[in-house]
Amino acid sequence: MGAVVDAVVIFVCGLFGLRLKQGIPKRVNERIMEAIGLAVIALGIAGAVQGEDTIVFILSIVIGTFIGETIDIDFR
């Protein structure tokens with residue numbers, strides 16, 4: 001039963017992501033992908049197997065990147 005729920009959640013979130021992606025500028029999308037890559041590297045180094053709150057860490061990186069790119073913090 002858990003696998004079915006996981007599959008449905010992945011499918012729904014995938015559809016949501018496709019709809020959301022249309023409204024995100026390409027520059028912001030590229031930075032978010034870089035941030036996710038950085039998060040994966042950091043998790044690998046830190047030993048994600050024993051880490052807690054991994055999803056909070058990833059979401060924090062993504063949200064911070066989105067806000068930083070939206071307000072163009074590099075320019076300031």
# chains A, B, ... in the order shown; residues from 1 in each chain; ligands from 1
$ residues_around --residues "region 35-38 of chain A" --least-positions-apart "4" --cutoff "12 Å" --atoms "only C-alpha atoms" --output "list in words"
Val28, Asn29, Glu30, Arg31, Ala42, Leu43, Gly44, Ile45, Ile55, Phe57, Ile58, Leu59, Ser60, Ile61, Val62, Ile63, Gly64, Thr65, Phe66, Gly68 and Glu69 of chain A
$ write_last_selection --atoms "N, CA and C atoms" --output "JSON list (two decimals), in the first residue's frame"
[["chain", "number", "residue", "atom", "x", "y", "z"],
["A", 28, "VAL", "N", 16.05, 31.70, -12.84],
["A", 28, "VAL", "CA", 15.71, 31.20, -11.51],
["A", 28, "VAL", "C", 15.73, 29.68, -11.51],
["A", 29, "ASN", "N", 15.19, 29.07, -12.55],
["A", 29, "ASN", "CA", 15.17, 27.62, -12.66],
["A", 29, "ASN", "C", 16.59, 27.04, -12.65],
["A", 30, "GLU", "N", 17.50, 27.68, -13.39],
["A", 30, "GLU", "CA", 18.88, 27.21, -13.42],
["A", 30, "GLU", "C", 19.53, 27.29, -12.05],
["A", 31, "ARG", "N", 19.29, 28.38, -11.34],
["A", 31, "ARG", "CA", 19.88, 28.54, -10.00],
["A", 31, "ARG", "C", 19.30, 27.53, -9.01],
["A", 42, "ALA", "N", 26.28, 18.33, -0.39],
["A", 42, "ALA", "CA", 26.39, 18.54, 1.04],
["A", 42, "ALA", "C", 25.84, 17.35, 1.83],
["A", 43, "LEU", "N", 24.73, 16.82, 1.37],
["A", 43, "LEU", "CA", 24.15, 15.67, 2.05],
["A", 43, "LEU", "C", 25.05, 14.44, 1.93],
["A", 44, "GLY", "N", 25.65, 14.28, 0.78],
["A", 44, "GLY", "CA", 26.57, 13.15, 0.61],
["A", 44, "GLY", "C", 27.77, 13.27, 1.52],
["A", 45, "ILE", "N", 28.31, 14.46, 1.65],
["A", 45, "ILE", "CA", 29.47, 14.67, 2.50],
["A", 45, "ILE", "C", 29.10, 14.47, 3.97],
["A", 55, "ILE", "N", 14.75, 16.69, 4.38],
["A", 55, "ILE", "CA", 13.83, 17.39, 3.49],
["A", 55, "ILE", "C", 13.73, 18.86, 3.85],
["A", 57, "PHE", "N", 16.19, 20.65, 5.04],
["A", 57, "PHE", "CA", 17.42, 21.21, 4.50],
["A", 57, "PHE", "C", 17.28, 21.50, 3.01],
["A", 58, "ILE", "N", 16.78, 20.53, 2.26],
["A", 58, "ILE", "CA", 16.63, 20.70, 0.82],
["A", 58, "ILE", "C", 15.63, 21.81, 0.50],
["A", 59, "LEU", "N", 14.50, 21.82, 1.19],
["A", 59, "LEU", "CA", 13.51, 22.86, 0.95],
["A", 59, "LEU", "C", 14.05, 24.24, 1.31],
["A", 60, "SER", "N", 14.84, 24.33, 2.36],
["A", 60, "SER", "CA", 15.43, 25.61, 2.74],
["A", 60, "SER", "C", 16.36, 26.13, 1.65],
["A", 61, "ILE", "N", 17.16, 25.23, 1.08],
["A", 61, "ILE", "CA", 18.07, 25.61, 0.00],
["A", 61, "ILE", "C", 17.27, 26.09, -1.22],
["A", 62, "VAL", "N", 16.23, 25.35, -1.59],
["A", 62, "VAL", "CA", 15.43, 25.70, -2.77],
["A", 62, "VAL", "C", 14.70, 27.02, -2.55],
["A", 63, "ILE", "N", 14.06, 27.19, -1.41],
["A", 63, "ILE", "CA", 13.31, 28.42, -1.15],
["A", 63, "ILE", "C", 14.25, 29.61, -1.06],
["A", 64, "GLY", "N", 15.39, 29.44, -0.40],
["A", 64, "GLY", "CA", 16.36, 30.53, -0.32],
["A", 64, "GLY", "C", 16.89, 30.93, -1.68],
["A", 65, "THR", "N", 17.15, 29.95, -2.53],
["A", 65, "THR", "CA", 17.62, 30.24, -3.88],
["A", 65, "THR", "C", 16.55, 30.96, -4.68],
["A", 66, "PHE", "N", 15.32, 30.51, -4.56],
["A", 66, "PHE", "CA", 14.22, 31.14, -5.30],
["A", 66, "PHE", "C", 14.07, 32.60, -4.88],
["A", 68, "GLY", "N", 16.35, 34.55, -3.38],
["A", 68, "GLY", "CA", 17.54, 35.28, -3.77],
["A", 68, "GLY", "C", 17.58, 35.64, -5.24],
["A", 69, "GLU", "N", 17.17, 34.71, -6.09],
["A", 69, "GLU", "CA", 17.14, 34.98, -7.53],
["A", 69, "GLU", "C", 15.99, 35.90, -7.91]]
$ atom_distance --atom1 "CA of Ala46 (chain A)" --atom2 "CA of Asp74 (chain A)"
27.4 Å
$ select_by_dssp --residues "chain A" --states "helix (DSSP H, G or I)" --output "PyMOL selection string"
chain A and resi 2-21+26-46+54-70
